[in-house]
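Trainee: Here you go, this is input03.cif (mmCIF, C-alpha atoms).
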data_query
#
loop_
_atom_site.label_atom_id
_atom_site.label_comp_id
_atom_site.auth_asym_id
_atom_site.auth_seq_id
_atom_site.Cartn_x
_atom_site.Cartn_y
_atom_site.Cartn_z
CA MET A 1 255.97 187.13 -147.85
CA ASN A 2 252.94 187.12 -145.54
CA TRP A 3 251.03 184.25 -147.11
CA ALA A 4 248.42 184.31 -144.34
CA ALA A 5 247.43 187.83 -145.41
CA VAL A 6 247.37 186.82 -149.07
CA LYS A 7 245.17 183.84 -148.24
CA ALA A 8 242.79 185.97 -146.18
CA ILE A 9 242.27 188.47 -149.01
CA TYR A 10 242.00 185.72 -151.62
CA VAL A 11 239.51 183.62 -149.63
CA TYR A 12 237.37 186.67 -148.85
CA GLU A 13 237.17 187.67 -152.50
CA MET A 14 236.46 184.12 -153.67
CA ALA A 15 233.71 183.75 -151.05
CA ARG A 16 231.89 186.66 -152.69
CA PHE A 17 232.17 184.83 -156.01
CA PHE A 18 230.82 181.54 -154.65
CA ARG A 19 227.86 183.27 -153.03
CA THR A 20 226.63 184.03 -156.54
CA LEU A 21 227.98 180.88 -158.13
CA ALA A 22 224.85 180.04 -160.11
CA GLN A 23 224.65 183.54 -161.55
CA SER A 24 228.37 183.57 -162.28
CA PHE A 25 228.16 180.37 -164.32
CA ILE A 26 224.70 180.62 -165.85
CA SER A 27 225.34 184.09 -167.31
CA PRO A 28 228.37 183.11 -169.45
CA VAL A 29 226.62 179.91 -170.58
CA ILE A 30 223.61 181.88 -171.82
CA SER A 31 225.83 184.55 -173.39
CA THR A 32 227.93 181.92 -175.16
CA SER A 33 224.81 180.19 -176.48
CA LEU A 34 223.48 183.49 -177.83
CA TYR A 35 226.78 184.26 -179.54
CA PHE A 36 226.69 180.90 -181.28
CA VAL A 37 223.08 181.44 -182.34
CA VAL A 38 223.84 184.89 -183.76
CA PHE A 39 227.38 184.48 -185.09
CA GLY A 40 227.60 180.73 -185.53
CA ALA A 41 224.21 180.19 -187.14
CA ALA A 42 223.39 183.47 -188.86
CA ILE A 43 226.85 184.50 -190.03
CA GLY A 44 228.23 180.96 -190.10
CA SER A 45 225.64 180.00 -192.70
CA ARG A 46 227.27 182.54 -195.03
CA ILE A 47 230.89 182.05 -193.97
CA GLN A 48 231.52 178.32 -193.90
CA GLU A 49 235.24 178.40 -193.13
CA VAL A 50 237.98 180.83 -192.19
CA GLU A 51 241.47 179.67 -193.14
CA GLY A 52 240.33 176.07 -193.20
CA VAL A 53 238.54 176.18 -189.83
CA SER A 54 234.77 176.11 -189.51
CA TYR A 55 233.47 179.54 -188.57
CA GLY A 56 231.72 178.25 -185.45
CA ALA A 57 235.00 176.88 -184.10
CA PHE A 58 236.97 179.88 -185.33
CA ILE A 59 235.09 182.33 -183.08
CA VAL A 60 235.58 180.28 -179.89
CA PRO A 61 239.01 181.74 -178.93
CA GLY A 62 237.77 185.28 -179.54
CA LEU A 63 234.62 184.63 -177.55
CA ILE A 64 236.63 183.28 -174.62
CA MET A 65 239.02 186.22 -174.73
CA LEU A 66 236.16 188.72 -174.86
CA THR A 67 234.59 187.32 -171.70
CA VAL A 68 237.84 186.67 -169.84
CA ILE A 69 239.12 190.20 -170.45
CA THR A 70 235.91 191.90 -169.37
CA GLN A 71 235.43 189.62 -166.36
CA GLY A 72 239.03 190.01 -165.23
CA ILE A 73 238.72 193.79 -165.32
CA SER A 74 235.32 193.97 -163.63
CA ASN A 75 236.14 191.51 -160.84
CA ALA A 76 239.44 193.15 -159.93
CA SER A 77 238.16 196.73 -160.21
CA PHE A 78 235.14 196.08 -158.00
CA GLY A 79 237.23 194.05 -155.55
CA ILE A 80 239.58 196.95 -154.73
CA TYR A 81 237.07 199.77 -155.25
CA PHE A 82 234.55 198.51 -152.70
CA PRO A 83 237.02 198.71 -149.74
CA LYS A 84 237.78 202.27 -150.89
CA PHE A 85 234.07 203.07 -151.04
CA ILE A 86 233.27 201.84 -147.51
CA GLY A 87 236.59 202.96 -146.01
CA THR A 88 238.07 199.59 -145.04
CA ILE A 89 241.01 200.15 -147.37
CA TYR A 90 242.69 202.15 -144.59
CA GLU A 91 242.58 199.16 -142.24
CA LEU A 92 244.26 197.11 -144.94
CA LEU A 93 246.93 199.76 -145.56
CA SER A 94 247.69 200.08 -141.83
CA ALA A 95 248.07 196.31 -141.42
CA PRO A 96 251.50 194.65 -141.72
CA VAL A 97 250.80 193.75 -145.34
CA SER A 98 252.92 194.85 -148.28
CA PHE A 99 251.47 196.18 -151.53
CA LEU A 100 252.67 193.02 -153.27
CA GLU A 101 250.64 190.84 -150.92
CA ILE A 102 247.57 193.02 -151.43
CA VAL A 103 247.93 192.79 -155.21
CA ILE A 104 248.47 189.02 -155.15
CA GLY A 105 245.34 188.54 -153.03
CA TYR A 106 242.98 190.73 -155.04
CA VAL A 107 244.39 190.07 -158.50
CA GLY A 108 244.78 186.36 -157.82
CA ALA A 109 241.11 186.08 -156.86
CA ALA A 110 239.95 188.11 -159.87
CA ALA A 111 242.13 186.07 -162.24
CA THR A 112 240.81 182.82 -160.76
CA LYS A 113 237.21 183.94 -161.27
CA SER A 114 237.78 184.89 -164.91
CA LEU A 115 239.71 181.63 -165.48
CA PHE A 116 236.74 179.62 -164.17
CA ILE A 117 234.39 181.49 -166.48
CA GLY A 118 236.75 181.02 -169.43
CA ILE A 119 236.77 177.27 -168.84
CA VAL A 120 232.96 177.25 -168.57
CA ILE A 121 232.72 178.99 -171.95
CA LEU A 122 235.18 176.50 -173.47
CA ILE A 123 233.10 173.57 -172.21
CA THR A 124 229.88 175.21 -173.40
CA ALA A 125 231.37 175.81 -176.85
CA GLY A 126 232.12 172.09 -177.10
CA PHE A 127 228.38 171.41 -177.21
CA PHE A 128 227.97 173.60 -180.30
CA VAL A 129 231.04 172.87 -182.43
CA ASP A 130 233.70 170.21 -182.88
CA LEU A 131 236.64 171.78 -181.13
CA SER A 132 240.24 170.61 -181.02
CA ILE A 133 243.18 172.27 -179.29
CA ALA A 134 246.47 171.98 -181.15
CA HIS A 135 248.62 173.29 -178.29
CA PRO A 136 246.77 172.75 -174.97
CA ILE A 137 249.65 173.88 -172.74
CA ALA A 138 250.09 177.08 -174.76
CA MET A 139 246.32 177.63 -174.70
CA LEU A 140 246.17 177.32 -170.92
CA SER A 141 249.25 179.53 -170.53
CA PHE A 142 247.76 182.27 -172.73
CA LEU A 143 244.48 182.02 -170.85
CA VAL A 144 246.13 182.33 -167.42
CA LEU A 145 248.39 185.20 -168.52
CA THR A 146 245.43 187.06 -169.99
CA CYS A 147 243.40 186.59 -166.80
CA ILE A 148 246.26 187.92 -164.68
CA SER A 149 247.12 190.81 -167.01
CA PHE A 150 243.60 192.21 -167.23
CA ALA A 151 242.96 191.60 -163.55
CA LEU A 152 245.98 193.86 -162.96
CA MET A 153 244.43 196.41 -165.29
CA GLY A 154 241.13 196.13 -163.43
CA PHE A 155 242.96 196.68 -160.14
CA ILE A 156 244.34 199.95 -161.53
CA ILE A 157 240.89 201.01 -162.73
CA GLY A 158 239.42 200.24 -159.30
CA ILE A 159 241.96 202.50 -157.63
CA TRP A 160 241.47 205.24 -160.23
CA ALA A 161 237.65 205.21 -160.14
CA LYS A 162 235.81 207.68 -157.91
CA SER A 163 232.35 206.23 -158.51
CA PHE A 164 230.66 203.02 -159.57
CA GLU A 165 229.96 204.62 -162.95
CA GLN A 166 233.66 205.12 -163.58
CA LEU A 167 234.28 201.42 -162.96
CA GLN A 168 232.38 200.69 -166.18
CA LEU A 169 233.76 203.60 -168.17
CA VAL A 170 237.03 202.09 -169.40
CA PRO A 171 235.70 198.55 -170.07
CA LEU A 172 232.65 199.81 -172.00
CA LEU A 173 234.20 202.65 -173.96
CA ILE A 174 237.72 201.33 -174.57
CA VAL A 175 238.33 197.66 -173.81
CA THR A 176 235.19 196.07 -175.28
CA PRO A 177 235.45 197.96 -178.63
CA LEU A 178 239.14 197.02 -178.86
CA VAL A 179 238.26 193.35 -178.34
CA PHE A 180 235.50 193.41 -180.96
CA LEU A 181 237.81 195.19 -183.41
CA GLY A 182 240.73 192.95 -182.55
CA GLY A 183 239.76 189.96 -184.66
CA SER A 184 237.54 188.22 -182.11
CA PHE A 185 235.06 187.04 -184.72
CA TYR A 186 237.08 187.39 -187.92
CA SER A 187 240.60 187.13 -189.27
CA ILE A 188 242.28 190.45 -189.97
CA SER A 189 243.42 188.95 -193.30
CA MET A 190 239.79 189.36 -194.39
CA LEU A 191 240.14 193.15 -194.13
CA PRO A 192 241.38 195.51 -196.87
CA PRO A 193 245.15 196.18 -196.69
CA PHE A 194 244.71 199.65 -195.17
CA TRP A 195 242.52 198.41 -192.33
CA GLN A 196 244.85 195.47 -191.72
CA THR A 197 247.60 197.98 -191.02
CA VAL A 198 245.35 200.05 -188.76
CA THR A 199 244.23 196.94 -186.85
CA LEU A 200 247.82 196.04 -186.01
CA PHE A 201 247.91 199.09 -183.71
CA ASN A 202 245.23 197.42 -181.58
CA PRO A 203 247.10 195.57 -178.78
CA VAL A 204 244.23 193.11 -178.29
CA VAL A 205 244.91 191.70 -181.79
CA TYR A 206 248.13 190.14 -180.54
CA LEU A 207 246.45 188.49 -177.55
CA ILE A 208 243.61 186.99 -179.58
CA SER A 209 245.98 185.93 -182.36
CA GLY A 210 248.23 184.06 -179.93
CA PHE A 211 245.28 182.41 -178.22
CA ARG A 212 243.79 181.33 -181.56
CA TRP A 213 247.17 179.91 -182.58
CA ALA A 214 247.05 177.66 -179.52
CA PHE A 215 243.76 176.23 -180.79
CA PHE A 216 244.29 175.88 -184.53
CA GLY A 217 247.93 176.69 -185.25
CA LEU A 218 246.74 179.80 -187.11
CA ALA A 219 247.77 183.34 -186.23
CA ASP A 220 247.29 186.80 -187.72
CA VAL A 221 250.65 187.89 -186.30
CA PRO A 222 253.76 185.89 -185.34
CA ILE A 223 253.41 184.11 -182.01
CA PHE A 224 256.53 185.87 -180.69
CA TYR A 225 254.76 189.22 -181.03
CA SER A 226 251.83 187.87 -179.03
CA LEU A 227 254.10 186.71 -176.20
CA PHE A 228 255.94 190.02 -176.21
CA ALA A 229 252.66 191.97 -176.14
CA ILE A 230 251.18 190.13 -173.16
CA ALA A 231 254.48 190.21 -171.23
CA GLY A 232 254.88 193.93 -171.92
CA PHE A 233 251.31 194.69 -170.90
CA MET A 234 251.69 192.76 -167.65
CA GLY A 235 254.97 194.52 -166.87
CA LEU A 236 253.41 197.92 -167.54
CA CYS A 237 250.50 197.17 -165.20
CA LEU A 238 252.86 195.98 -162.44
CA PHE A 239 254.94 199.14 -162.81
CA ALA A 240 251.81 201.31 -162.58
CA ILE A 241 250.58 199.50 -159.46
CA ALA A 242 254.00 199.80 -157.79
CA TRP A 243 253.96 203.55 -158.49
CA ILE A 244 250.42 203.87 -157.10
CA PHE A 245 251.33 202.25 -153.79
CA ARG A 246 254.60 204.12 -153.54
CA THR A 247 252.93 207.51 -154.03
CA GLY A 248 249.55 206.72 -152.46
CA TRP A 249 247.73 208.06 -155.52
CA ARG A 250 243.96 207.76 -155.10
CA ILE A 251 244.47 205.55 -152.02
CA ARG A 252 245.54 207.76 -149.14
CA SER A 253 243.72 210.85 -150.35
#
Reformat the file's structure so that it appears as structure tokens.

Mentor:
Amino acid sequence: MNWAAVKAIYVYEMARFFRTLAQSFISPVISTSLYFVVFGAAIGSRIQEVEGVSYGAFIVPGLIMLTVITQGISNASFGIYFPKFIGTIYELLSAPVSFLEIVIGYVGAAATKSLFIGIVILITAGFFVDLSIAHPIAMLSFLVLTCISFALMGFIIGIWAKSFEQLQLVPLLIVTPLVFLGGSFYSISMLPPFWQTVTLFNPVVYLISGFRWAFFGLADVPIFYSLFAIAGFMGLCLFAIAWIFRTGWRIRS
């Protein structure tokens, strides 16, 4: 393993993040505050509790997952797309660096960025609601795995995209609706039986359910299903990336 190459890619990507540090941190703080004003105050005044948890606290895990997923995808997709756009990807491919080292560098940086933002949102939420974490190690594990998994997905999107517009296509049209419909701001037990069954086909439900369980010990689906879903998604992304580098799809052409 060429750790010097991994470090070079990682440090370069993180430097871009720290150049806009204020923007990177202020934006999620403002967004989180607005979500609490809209959902916590407006809707929370009508829905006092969900399964014994105050509504303001109940939406925190979903809010964190929403931001972490979108940030992980956008950071990783832009990170690998930009070298393709300006042509420096060929220098990277001709260097004595394996595809695994490239993925670790780019995905590691993107996952770190989204993890930072997730922690910022968690701290910000603490100013609005009384928040307790029943299983802190599980919470952190779910958060890290989610950051890595969707950074891997973003890496795939960045390789697939042929324009800056396509970078936003999948997150806006597919991922964000799935997160909103995946129980981010409600429990799927509140839905009619038919829609509960339909919602279970949404893979994001299992991620949010497992993450919420780490906070409150409550879950819409068994925790084993959540672990299986995130492990399977990560494995699928790794398989797709391995195939991309083996075939050179959208990289060498």

Trainee: Between A:Phe142, A:Tyr81, A:Tyr35, A:Trp160, single out the one closest to Ile208 (chain A), counting all atoms listed in the file.

Mentor: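 Comparing A:Phe142, A:Tyr81, A:Tyr35, A:Trp160 against Ile208 (chain A), the winner is A:Phe142.
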
Trainee: Which of these residues is nearest to Ala219 (chain A), using only C-alpha atoms: A:Ala8, A:Val50, A:Ile30, A:Ile117?

Mentor: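 With only C-alpha atoms as the atom set, the closest residue is A:Val50.
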
Trainee: Extract, using all atoms listed in the file, all DNA, RNA and protein residues at most 12 Å from Pro83 (chain A), discarding same-chain residues fewer than 2 positions from it, and format them as a list in words.

Mentor: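 So the residues in contact are Ile9, Glu13, Ala76, Ser77, Phe78, Gly79, Ile80, Tyr81, Phe85, Ile86, Gly87, Thr88, Ile89, Tyr90, Glu91, Leu92, Leu93, Tyr106, Gly158, Ile159 and Ile251 of chain A.
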
Trainee: Kindly indicate which residue among A:Val68, A:Gly217, A:Thr112, A:Pro96 lies nearest to Asn2 (chain A), using only C-alpha atoms for the distances.

Mentor: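 Among A:Val68, A:Gly217, A:Thr112, A:Pro96, it is A:Pro96 that comes nearest to Asn2 (chain A).
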
Trainee: Show me a table, sorted first by chain and then by increasing residue number, of the residues of region 38-140 of chain A having an atom at most 12 Å from region 188-203 of chain A, each with its shortest atom pair and the distance in Å to one decimal, counting only C-alpha atoms and written as CSV.

Mentor:
residue,atom,partner,partner_atom,distance
A:Ile47,CA,A:Met190,CA,11.5
A:Glu49,CA,A:Met190,CA,11.9
A:Val50,CA,A:Met190,CA,9.0
A:Glu51,CA,A:Ser189,CA,9.5

Trainee: Calculated over only C-alpha atoms, which of the candidates A:Ile26, A:Leu173, A:Leu181, A:Ala151 has the smallest distance to Val103 (chain A)?

Mentor: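 Distance minimum relative to Val103 (chain A) lands on A:Ala151.
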